Structure formats: C-alpha cells, structure tokens
Amino acid sequence: MKKSRPAVMKAAAVVGVAALGLGACGSSKSSNTGSSATTASGGGGSSTSAVKIGFFGALSGANAALGINILNGEKLAISQYMAGHPKVAVTVDSFDSQGDPSQANNGAQKLIGDKVVAVVGPAFSGESKAANPYFAQAGIPHITASATNVALAQSGDKFFYRGLADDSAQGPGDANYLVKTLGAKTIAVIDDKSSYGQGLADYVRSQIKTDGATDVVDDHVDPNGQDYSSTVNKIVAAKPAAVFYGGYYDAAGRLIKQLKDKGYTGAFMSGDGSEDPHFITDAGATAAEGAYLSCACEDTSAAPSAATFNTAYQAAYGTPPAIYSGEGYDVTNFLLAAIKAGNTTPSAINNYLKTNSWTGITKTLKFQSDGDLVGGTVYVYQVKNGKITQIGTTPS
Amino acid sequence: MHLHSFVTQFWPSTVDGVTLGSIYALFALGYTLVYGVLKLINFAHSEVFMVGTMSAMWIMHFLNISAIQSGFALVGALLLAALFSMGGSAATALALERVAYRPLRRRGASRLAALISAIGASFVLQQVFEVYYSNQYSNFPRLFKHSTLFNIGSAQITTDRVLIVVAAVVMMVALERTVALTKLGRGIRAVAQDPETATLMGVNIDRTIMYTFLLGGIMAGVAAVLWNVRFEQTRFDIGFLPGIKAFTAAVLGGIGNIRGALLGGLIIGLLELYGASVFGSQWRDTTVFVVLVLVLLFRPSGLLGESLARARA
C-alpha cells in the first residue's frame, strides 16, 4: 500500500488512515482518569517532610500487565521504606500512559506539575522517546525499568537512567546463544520493521556473522498481517538450524505456528518483545513449546537473593512477581537510598545516582555517564510445558 | 530481486496464494453486490467479516470445543461454526442496511453521506468489540489435523487448504447461479440496471436491497469461517487489512461483477505471494497495488468490467 492508486483506492486509503486515527482516539477514552496519587501504606508519624516519586507507564490497555508489574515493585519498595518511619515520607504519583506515545506529553506535564522528585519510567521505548525530553528539561531524574531502545541513552539527556541492559546487549547475546550454546550454523533472521524489532534483529544479523554462522534468510513481516506463508516458505526451503524473530509476541506467535505447520523443526528464538504469555496463546501450546526468548530482565522467583522480595510481593498483591517487577523494585530502592541519604531535590538525587551504586535483588545498579547500566546480563527463557521458564544467561 | 527464490517457491506460493485469494474473493462479493445495486462502497463490510469470525469463535468457546474432532463431531463443529459465522455476518449486514443506509436513502441523501455513515458504523462495531470483548487476539480451535494429502512440486496440499478452496468455489458458483437464475436474482439485476424502472415493474426495491446485503453478508460469513480455519485467530480489527484487499480485488476484477470478484481475489492472493517471494515480504502489498494501478490504467473498469446489471440470465 505504498504507491499511488486510482480515485476509488485513494478513497479507501483515506478511510483507512482515518480508521487508524479514530481507532487511536477511541482507545484513549480513560486518559484523564488514569492518574492518581497513592499513599504508600505504613506511613510513619515521625516524618518531617514528604516527597513524591512518579510512575510513568501503561496501567490499562493491551500492554498494561507490564506497567502494573513495575508499579507494584515500586509500591512495595516504598511501603517497605515507609515501614521504617523515615524522616522523609515518600508517596507514589502514578500516570497511566496506556503505552501510547501520544499520551507522553500529558503524562510528563502532569508529573512535572505534581513536583515529583524522580520518576520510575517511562516503561516503553516509544513513550520514553516522547516524554524524556520534558523530564530532562524540568531536571527530573527518570529511571526506566524496562525501555531497552539503544537511542534513548544517546540523546544527551543528563537525567536519563536505565536499570537493565539495552538492545545492543540483547541482540548480540541472543546471536551468541544461538551459535555458541545451541550450535546453530545456519540462521534465518526475521523482523517486523519496527524500530525495536528491526533494531534488535540487525544486532543479531551482524553478531552471527562474527560468530561464524550464516544468515540464510532475511525477511520482514507485517506485524498487522496474518498470512506469513511467503516468509515461512522461504525458511522451510532454506532449512536453517534456527530462526530469530525481532518483534512483538502476536506476530512471533503467528510466525512460529505457521512455521511448525509447514514442518519446520529447528530452534526458534525471539527477544523481550515476545516474552509474554500471549506468545504461547497466539502460537498454540504445541507450536510454542521449546521456543527460546531473551530478556534483560531477571525472573526473580529463581534468584536466591530475591527470596524475601518474592514473599513480600506475593503477600502484598496475591500474585508472584512477574516480568519487570524486580527491576521496578530495584530502581525505586536506589531512589529511596538517595532520599535516605538526605537528597530531597531532583538535582541532588540526580547527582546521587551519578556517583553511587545500589546492589538490589536483580543486579548492582551503577550508571555510566550516558545513564546506561555498567554491565548487565541478558537472560534466556524457554517455553516449557506451556510456561516461560528462565533457563540461563547468554554467553559473551 | 530474488528470481531464484521465485522459482524454488513457485508451487508453495501458488498454493498459499490460491488459498488466500479464495477467501478474498468471497469477501469481495459483498463489496461488489452492494456496489452493483446501490453504486455505493460499503466500507463497513470489513466489520461484517469481523463479526463473522467472532461469532464462529464464540460458539466454539461457548461449547468448549477446543480439540481435534473426527467424524460426525468434526462435520457438526464445522457446520456450526459456519452457521454462526454466516448468521453473525448476515445479521450485521442487515442491521447496517437498516440503521446506516436505509434512513439516508429514504431522505435522498447523497452517496457521500452514506459513505460517511458506513465509516461511522465501521468504527462503532470495532470499538464495541474492542471494549466489550477484548483487544487481544482470541483463538479459534484447530478442529482437524492440517495433514498433507499430496504434493505438487515442493508444495504440500493440506486438508485445510483443500477445504477452503472447495468451499469458496462452491459458494461462488451458488451465488452466481442465484443471481443469474432465480427471481430474486432477476430483481437484483433489475434494480442494478435501473432502480426506478424496476419499481415500476413491480420490484420491491427495499426488499431487493435487503437481500443484496443479506447475500453479501452470508458470503462474508463463509469467508470469515474459512479465515478462522486458516489463521485460527481473530480480534476486533481483523477485518481491516483483508477488507482493503477484498475491496481491491473487487475493483481489479470490475466492481459490480461477480465473476470479476473471483478473478480479482485469486489474482490478488497470488500476486501477494509471488511479490513476496520475488521482492521480499515487505513488498507484498506494494506489488499488489502497483499491478492494480497498471491494470486500471489500461482497463479503468477492471478486468471484466462493471456489469452486475448485465450478468447473463
């Protein structure tokens, strides 16, 4: 749908564009109701002053699970802090972005207007790109627990921090895992042409060559399309030992399902965009079984250092911690450590983050001058018996 | 350019293209029939299809049918899915005609107003399903094993593909015969030719238009259940992309022309797959529309011309 077409088709195109636009409007119906200030429980009576830590991420909409996981981690950290009757009381000020970059302006203005001293988030790369400049201009430090787009750290934003490894660590890590751990010599690399999906896949493409494997099929699928048979035909004809897909879970699920239907038996791997239970429901349990997924996030239920966190989280929310809960908890604790040390203004907290480190349950947070993490591990997960299970880390 | 991969994937591409194309063709009939009679593009037709996929999926979930079936149970489940799909689509098409078009037609509103009304109805339906059902994909169960029956070249001919193509062709022929041979079909052709004279000759124009929407809806319902068999998932916006393709198929074949919809659907399905194998999957839609433009440059009324009115009796 990229070339000119006759009048009737132009009308169709206009209608199509209008449909997309209105669709977007339609899904933002609760944009003004999504924000609320939540007082963390256990507030001590001895507090002499109070500050707010913001949260920015999707709490409703298609990708809400991720935002809720992070916010729950943040709230848990703050309620544990408040239980110690600290001098400075801390509350959470959350904004529900619905994961929609067009909400980013509103969210940033709201949190800045509320005078938050720091922000946990924004959760996704797209909304980060839109909201980060406002936070940078207002001088408010913002730590994301989940946005992995490489470019976010390269904008010269002095208040940006990232509590996990970025895609430039994940892509090569995934390639190393396919070539060195699984021993794949021929790999098909497919992506969805999105900035996340193609970015990640391009890192994989260049690293598998470095590792001595061959990239036998390069193809791009339409994430909104259903029929991937042309890509599948190419892969089945080339018989690679492994397929890597850069993109999100819906398309990844369709791709593996259609591959398995045509008799593909090799390995399948995708990145954190596919690490969602919907990947399994979209693909069907049989097709998804055995697929590898990677994420710079750690499954804290497997980490011995997180045992107390797991228990406390389960007690507070009735569910075990899920993807990014541990990261949300860790970055909030780093902020709380700064506040505990007597830093109650955004600029003082920013200086504290630049010069100190914090050992949390998932990793030690120490930031480079651009806000990216020093070090950082990429974890490998596999679908086993219909569940996404952490099985190790990527080799370097 | 990957001419080599075009050659090696010729047969798989052809088989997948014909499968996809037959679904487009059935879907395209709704656009073509309504245009033939009312000279109006029913842009809400993609939602007629969507409701069909949803209804078929709903009855499977409601009856808790989630595994491979065999024998009578399989035939029963497929028929039930098809019935619900056709019912859902037909009801939606009729409701659209009654709510979004008839009041405008009665007041002699311009076709542009009807177009806007269609777009509005399309949004309403999508949003209703998004808000009250889900904004995530829901799965349609696999009812039978998609096993390979035989091979053509390197292409596997699987049971699901055979079912889709056979069902689509049967429905197309049935519709073509209905319009050509029955009294109802004669009415449809008469209204398409000249609505006023048709009224004078005793054709009930409202009823004829209603039946036209009904037929288009039933065809979209069959397309929807076949889509479910092929791709096994649906969502509130599932109709959008195939809707654009089906509309294109109708225009390519000659909008208003029933055989044109079949030809256009198959050509578009094949072009998508061939284009993807030669230029890469990101070019599949571009290939389709470039060919569409080239054809319309030389044959502005489509390959077979616009001729519901002149369909042979």
# chains A, B, ... in the order shown; residues from 1 in each chain; ligands from 1
>>> select_by_dssp(residues="segment 285-363 of chain A", states="strand (DSSP E or B)", output="list in words")
Tyr292, Leu293, Ser294, Cys295, Trp358 and Thr359 of chain A
>>> write_last_selection(atoms="N, CA, C and O atoms", output="PDB file, in the first residue's frame")
ATOM      1  N   TYR A 292      12.756 -20.283  22.428  1.00  0.00           N
ATOM      2  CA  TYR A 292      13.623 -19.519  23.322  1.00  0.00           C
ATOM      3  C   TYR A 292      13.252 -18.050  23.267  1.00  0.00           C
ATOM      4  O   TYR A 292      12.957 -17.519  22.207  1.00  0.00           O
ATOM      5  N   LEU A 293      13.278 -17.392  24.410  1.00  0.00           N
ATOM      6  CA  LEU A 293      13.001 -15.966  24.485  1.00  0.00           C
ATOM      7  C   LEU A 293      14.086 -15.336  25.339  1.00  0.00           C
ATOM      8  O   LEU A 293      14.578 -15.961  26.280  1.00  0.00           O
ATOM      9  N   SER A 294      14.477 -14.118  25.000  1.00  0.00           N
ATOM     10  CA  SER A 294      15.509 -13.487  25.812  1.00  0.00           C
ATOM     11  C   SER A 294      14.973 -12.208  26.403  1.00  0.00           C
ATOM     12  O   SER A 294      14.040 -11.607  25.890  1.00  0.00           O
ATOM     13  N   CYS A 295      15.577 -11.793  27.510  1.00  0.00           N
ATOM     14  CA  CYS A 295      15.161 -10.551  28.154  1.00  0.00           C
ATOM     15  C   CYS A 295      16.298 -10.092  29.048  1.00  0.00           C
ATOM     16  O   CYS A 295      16.998 -10.912  29.645  1.00  0.00           O
ATOM     17  N   TRP A 358      23.942   0.818  43.743  1.00  0.00           N
ATOM     18  CA  TRP A 358      22.985   0.157  44.625  1.00  0.00           C
ATOM     19  C   TRP A 358      22.911  -1.323  44.258  1.00  0.00           C
ATOM     20  O   TRP A 358      22.688  -1.673  43.107  1.00  0.00           O
ATOM     21  N   THR A 359      23.121  -2.168  45.256  1.00  0.00           N
ATOM     22  CA  THR A 359      23.014  -3.591  44.985  1.00  0.00           C
ATOM     23  C   THR A 359      21.612  -4.059  45.329  1.00  0.00           C
ATOM     24  O   THR A 359      21.218  -4.074  46.497  1.00  0.00           O
TER      25      THR A 359
END
>>> residues_around(residues="segment 193-206 of chain B", least_positions_apart="5", cutoff="10 Å", atoms="only C-alpha atoms", output="VMD selection string")
chain B and resid 36 to 38 97 to 98 102 105 to 106 184 186 to 188 211 to 212 307 to 310
>>> interface_residues(of="chain B", to="chain A", cutoff="6 Å", atoms="only C-alpha atoms", output="PyMOL selection string")
chain B and resi 273+281-282+285-286+293
>>> select_by_dssp(residues="segment 38-264 of chain B", states="helix (DSSP H, G or I)", output="compact mmCIF listing (two decimals) with C-alpha atoms, in the first residue's frame")
# COMPACT_ATOMS: atom_id res chain seq x y z
CA LEU B 38 -26.58 0.86 -4.91
CA HIS B 45 -18.20 -4.66 5.12
CA SER B 46 -14.87 -5.39 6.84
CA GLU B 47 -16.79 -5.35 10.13
CA VAL B 48 -19.40 -7.70 8.68
CA PHE B 49 -16.50 -10.10 8.19
CA MET B 50 -15.08 -9.40 11.65
CA VAL B 51 -18.39 -10.18 13.36
CA GLY B 52 -18.45 -13.45 11.41
CA THR B 53 -15.01 -14.51 12.67
CA MET B 54 -16.04 -13.52 16.19
CA SER B 55 -19.33 -15.43 16.09
CA ALA B 56 -17.71 -18.63 14.86
CA MET B 57 -15.04 -18.36 17.54
CA TRP B 58 -17.61 -17.56 20.21
CA ILE B 59 -19.69 -20.67 19.61
CA MET B 60 -16.58 -22.86 19.74
CA HIS B 61 -15.55 -21.33 23.06
CA PHE B 62 -19.12 -21.44 24.36
CA GLY B 71 -16.27 -38.00 12.02
CA PHE B 72 -19.69 -36.51 12.69
CA ALA B 73 -18.39 -34.35 15.53
CA LEU B 74 -15.99 -32.67 13.12
CA VAL B 75 -18.64 -32.10 10.44
CA GLY B 76 -21.02 -30.85 13.12
CA ALA B 77 -18.48 -28.46 14.62
CA LEU B 78 -17.52 -27.07 11.22
CA LEU B 79 -21.15 -26.63 10.19
CA LEU B 80 -21.96 -24.97 13.48
CA ALA B 81 -19.02 -22.59 13.12
CA ALA B 82 -20.10 -21.83 9.55
CA LEU B 83 -23.73 -21.28 10.58
CA PHE B 84 -22.81 -18.92 13.38
CA SER B 85 -20.33 -17.12 11.19
CA MET B 86 -22.84 -16.68 8.37
CA GLY B 87 -25.56 -15.76 10.84
CA GLY B 88 -23.41 -13.17 12.59
CA SER B 89 -22.24 -11.63 9.34
CA ALA B 90 -25.67 -11.66 7.72
CA ALA B 91 -27.29 -10.09 10.79
CA THR B 92 -24.62 -7.41 10.86
CA ALA B 93 -25.06 -6.68 7.15
CA LEU B 94 -28.85 -6.41 7.56
CA ALA B 95 -28.53 -4.21 10.63
CA LEU B 96 -26.11 -1.95 8.76
CA GLU B 97 -28.51 -1.62 5.87
CA ARG B 98 -31.38 -0.82 8.20
CA VAL B 99 -29.53 1.57 10.51
CA ALA B 100 -26.79 3.16 8.43
CA TYR B 101 -28.13 3.19 4.88
CA ARG B 102 -31.90 2.96 4.60
CA PRO B 103 -32.71 6.13 6.57
CA LEU B 104 -30.29 8.06 4.35
CA ARG B 105 -31.66 6.53 1.17
CA ARG B 106 -35.24 7.38 2.21
CA ARG B 111 -23.79 8.80 -1.71
CA LEU B 112 -21.11 10.68 0.17
CA ALA B 113 -23.35 10.82 3.22
CA ALA B 114 -23.85 7.06 3.01
CA LEU B 115 -20.10 6.61 2.78
CA ILE B 116 -19.56 8.59 5.98
CA SER B 117 -22.36 6.67 7.62
CA ALA B 118 -20.61 3.41 6.65
CA ILE B 119 -17.32 4.57 8.09
CA GLY B 120 -19.04 5.58 11.30
CA ALA B 121 -20.79 2.22 11.57
CA SER B 122 -17.46 0.51 10.99
CA PHE B 123 -15.85 2.35 13.93
CA VAL B 124 -18.78 1.68 16.20
CA LEU B 125 -18.63 -2.05 15.53
CA GLN B 126 -14.87 -2.22 16.02
CA GLN B 127 -14.95 -0.25 19.23
CA VAL B 128 -17.84 -2.25 20.65
CA PHE B 129 -15.89 -5.47 20.13
CA GLU B 130 -12.70 -3.94 21.48
CA VAL B 131 -14.29 -2.57 24.63
CA TYR B 132 -16.78 -5.33 25.43
CA THR B 159 -6.62 -30.65 4.25
CA ASP B 160 -7.35 -27.11 5.43
CA ARG B 161 -6.34 -25.60 2.08
CA VAL B 162 -8.48 -28.06 0.14
CA LEU B 163 -11.45 -27.30 2.39
CA ILE B 164 -11.01 -23.54 1.95
CA VAL B 165 -10.69 -23.57 -1.83
CA VAL B 166 -13.51 -26.08 -2.38
CA ALA B 167 -15.89 -24.27 -0.02
CA ALA B 168 -15.10 -20.91 -1.61
CA VAL B 169 -15.65 -22.16 -5.15
CA VAL B 170 -18.93 -23.89 -4.21
CA MET B 171 -20.24 -20.70 -2.58
CA MET B 172 -19.20 -18.54 -5.52
CA VAL B 173 -20.92 -20.81 -8.01
CA ALA B 174 -24.04 -20.95 -5.83
CA LEU B 175 -24.18 -17.16 -5.67
CA GLU B 176 -23.52 -16.71 -9.37
CA ARG B 177 -26.36 -19.14 -10.16
CA THR B 178 -28.67 -17.43 -7.65
CA VAL B 179 -28.19 -14.04 -9.28
CA ALA B 180 -28.42 -15.46 -12.80
CA LEU B 181 -31.37 -17.85 -12.44
CA LYS B 183 -36.47 -14.46 -9.29
CA LEU B 184 -34.53 -12.76 -6.51
CA GLY B 185 -31.50 -12.57 -8.79
CA ARG B 186 -33.60 -11.07 -11.55
CA GLY B 187 -34.81 -8.44 -9.09
CA ILE B 188 -31.26 -7.64 -8.06
CA ARG B 189 -30.19 -7.25 -11.65
CA ALA B 190 -33.21 -5.12 -12.44
CA VAL B 191 -32.51 -2.74 -9.56
CA ALA B 192 -28.85 -2.61 -10.58
CA GLN B 193 -29.84 -1.67 -14.12
CA PRO B 195 -33.98 1.28 -9.88
CA GLU B 196 -36.90 3.47 -10.98
CA THR B 197 -37.99 1.30 -13.87
CA ALA B 198 -37.57 -1.77 -11.65
CA THR B 199 -40.01 -0.23 -9.15
CA LEU B 200 -42.48 0.45 -11.94
CA ILE B 205 -36.74 -2.16 -4.08
CA ASP B 206 -36.27 -2.12 -0.29
CA ARG B 207 -36.61 -5.86 -0.11
CA THR B 208 -34.23 -6.38 -3.03
CA ILE B 209 -31.59 -4.16 -1.42
CA MET B 210 -32.05 -6.03 1.85
CA TYR B 211 -31.48 -9.36 0.10
CA THR B 212 -28.40 -7.95 -1.59
CA PHE B 213 -26.91 -7.08 1.79
CA LEU B 214 -28.01 -10.47 3.09
CA LEU B 215 -26.22 -12.33 0.28
CA GLY B 216 -23.08 -10.23 0.72
CA GLY B 217 -23.19 -10.89 4.46
CA ILE B 218 -23.56 -14.64 4.04
CA MET B 219 -20.58 -14.70 1.67
CA ALA B 220 -18.52 -12.66 4.14
CA GLY B 221 -19.59 -15.14 6.83
CA VAL B 222 -18.26 -18.07 4.82
CA ALA B 223 -15.06 -16.10 4.16
CA ALA B 224 -14.84 -15.47 7.92
CA VAL B 225 -15.14 -19.09 8.96
CA LEU B 226 -12.58 -20.11 6.32
CA TRP B 227 -10.28 -17.38 7.63
CA ASN B 228 -10.68 -18.86 11.11
CA VAL B 229 -9.77 -22.30 9.79
CA ARG B 230 -6.70 -20.91 8.06
CA PHE B 231 -5.33 -18.44 10.62
CA PHE B 240 -9.35 -4.11 8.21
CA LEU B 241 -6.45 -5.48 6.13
CA PRO B 242 -8.30 -8.30 4.35
CA GLY B 243 -11.14 -5.81 3.82
CA ILE B 244 -8.85 -3.46 1.91
CA LYS B 245 -7.52 -6.40 -0.11
CA ALA B 246 -11.00 -7.72 -0.87
CA PHE B 247 -12.15 -4.27 -1.93
CA THR B 248 -9.10 -4.06 -4.18
CA ALA B 249 -9.97 -7.49 -5.59
CA ALA B 250 -13.46 -6.26 -6.40
CA VAL B 251 -12.09 -3.17 -8.16
CA LEU B 252 -9.45 -5.16 -10.03
CA GLY B 253 -11.97 -7.68 -11.33
CA ILE B 258 -19.47 -11.36 -9.59
CA ARG B 259 -17.02 -13.30 -11.72
CA GLY B 260 -14.72 -10.31 -11.51
CA ALA B 261 -14.61 -10.68 -7.71
CA LEU B 262 -13.47 -14.29 -8.06
CA LEU B 263 -10.84 -13.41 -10.63
CA GLY B 264 -9.69 -10.34 -8.67
>>> residues_around(residues="Ala130 of chain A", least_positions_apart="3", cutoff="10 Å", atoms="only C-alpha atoms", output="list of chain:residue names")
A:Asp100, A:Pro101, A:Ser102, A:Gln103, A:Ala104, A:Asn105, A:Ala108, A:Pro122, A:Ser125, A:Gly126, A:Glu127, A:Pro133, A:Tyr134
>>> write_last_selection(atoms="N, CA and C atoms", output="short mmCIF file (atom, residue, chain, number, x, y, z; two decimals), in the first residue's frame")
data_model
loop_
_atom_site.label_atom_id
_atom_site.label_comp_id
_atom_site.auth_asym_id
_atom_site.auth_seq_id
_atom_site.Cartn_x
_atom_site.Cartn_y
_atom_site.Cartn_z
N ASP A 100 0.89 4.50 25.15
CA ASP A 100 0.64 5.25 23.92
C ASP A 100 1.53 6.50 23.90
N PRO A 101 2.46 6.58 22.95
CA PRO A 101 3.37 7.74 22.93
C PRO A 101 2.62 9.08 22.85
N SER A 102 1.39 9.08 22.30
CA SER A 102 0.68 10.36 22.19
C SER A 102 0.20 10.84 23.56
N GLN A 103 0.25 9.98 24.57
CA GLN A 103 -0.11 10.38 25.93
C GLN A 103 1.11 10.93 26.68
N ALA A 104 2.29 10.82 26.06
CA ALA A 104 3.53 11.09 26.78
C ALA A 104 3.62 12.54 27.25
N ASN A 105 3.20 13.46 26.39
CA ASN A 105 3.24 14.87 26.74
C ASN A 105 2.40 15.14 27.99
N ALA A 108 4.04 13.60 31.15
CA ALA A 108 5.22 14.31 31.63
C ALA A 108 4.79 15.61 32.31
N PRO A 122 9.69 6.33 31.80
CA PRO A 122 8.57 5.63 31.18
C PRO A 122 8.90 4.17 30.85
N SER A 125 9.81 2.04 25.12
CA SER A 125 10.77 2.85 24.37
C SER A 125 10.09 3.99 23.61
N GLY A 126 8.94 3.70 22.99
CA GLY A 126 8.26 4.71 22.19
C GLY A 126 7.84 5.90 23.03
N GLU A 127 7.19 5.64 24.16
CA GLU A 127 6.74 6.74 25.02
C GLU A 127 7.93 7.43 25.70
N PRO A 133 12.41 14.09 26.88
CA PRO A 133 12.85 15.49 26.75
C PRO A 133 12.19 16.43 27.77
N TYR A 134 10.91 16.16 28.12
CA TYR A 134 10.24 17.02 29.10
C TYR A 134 10.87 16.86 30.47
#
>>> residues_around(residues="Ala252 of chain A", least_positions_apart="3", cutoff="8 Å", atoms="only C-alpha atoms", output="list in words")
Tyr245, Gly247, Tyr248, Tyr249, Leu255, Ile256, Ser270, Ser274, Phe279 and Ala283 of chain A
>>> residues_around(residues="Asn149 of chain A", least_positions_apart="4", cutoff="7 Å", atoms="only C-alpha atoms", output="PyMOL selection string")
chain A and resi 125+166-167+196
>>> write_last_selection(atoms="N, CA, C and O atoms", output="PDB file, in the first residue's frame")
ATOM      1  N   SER A 125       9.814   2.039  25.116  1.00  0.00           N
ATOM      2  CA  SER A 125      10.770   2.853  24.368  1.00  0.00           C
ATOM      3  C   SER A 125      10.087   3.987  23.611  1.00  0.00           C
ATOM      4  O   SER A 125      10.586   5.110  23.589  1.00  0.00           O
ATOM      5  N   ASP A 166      20.572  -2.789  27.498  1.00  0.00           N
ATOM      6  CA  ASP A 166      19.773  -2.350  26.352  1.00  0.00           C
ATOM      7  C   ASP A 166      19.850  -3.352  25.195  1.00  0.00           C
ATOM      8  O   ASP A 166      20.467  -4.403  25.316  1.00  0.00           O
ATOM      9  N   ASP A 167      19.226  -3.000  24.064  1.00  0.00           N
ATOM     10  CA  ASP A 167      19.157  -3.935  22.938  1.00  0.00           C
ATOM     11  C   ASP A 167      20.516  -4.226  22.313  1.00  0.00           C
ATOM     12  O   ASP A 167      20.683  -5.240  21.651  1.00  0.00           O
ATOM     13  N   TYR A 196      12.064  -1.150  17.258  1.00  0.00           N
ATOM     14  CA  TYR A 196      12.548  -2.152  18.213  1.00  0.00           C
ATOM     15  C   TYR A 196      12.934  -3.450  17.506  1.00  0.00           C
ATOM     16  O   TYR A 196      14.048  -3.945  17.655  1.00  0.00           O
TER      17      TYR A 196
END
>>> closest_residue(among="A:Leu365, A:Ala322, A:Ala184, A:Leu111", to="Gln390 of chain A", atoms="only C-alpha atoms")
A:Ala322
>>> atom_distance(atom1="atom CA of Ser347 of chain A", atom2="atom CA of Leu335 of chain A")
12.2 Å
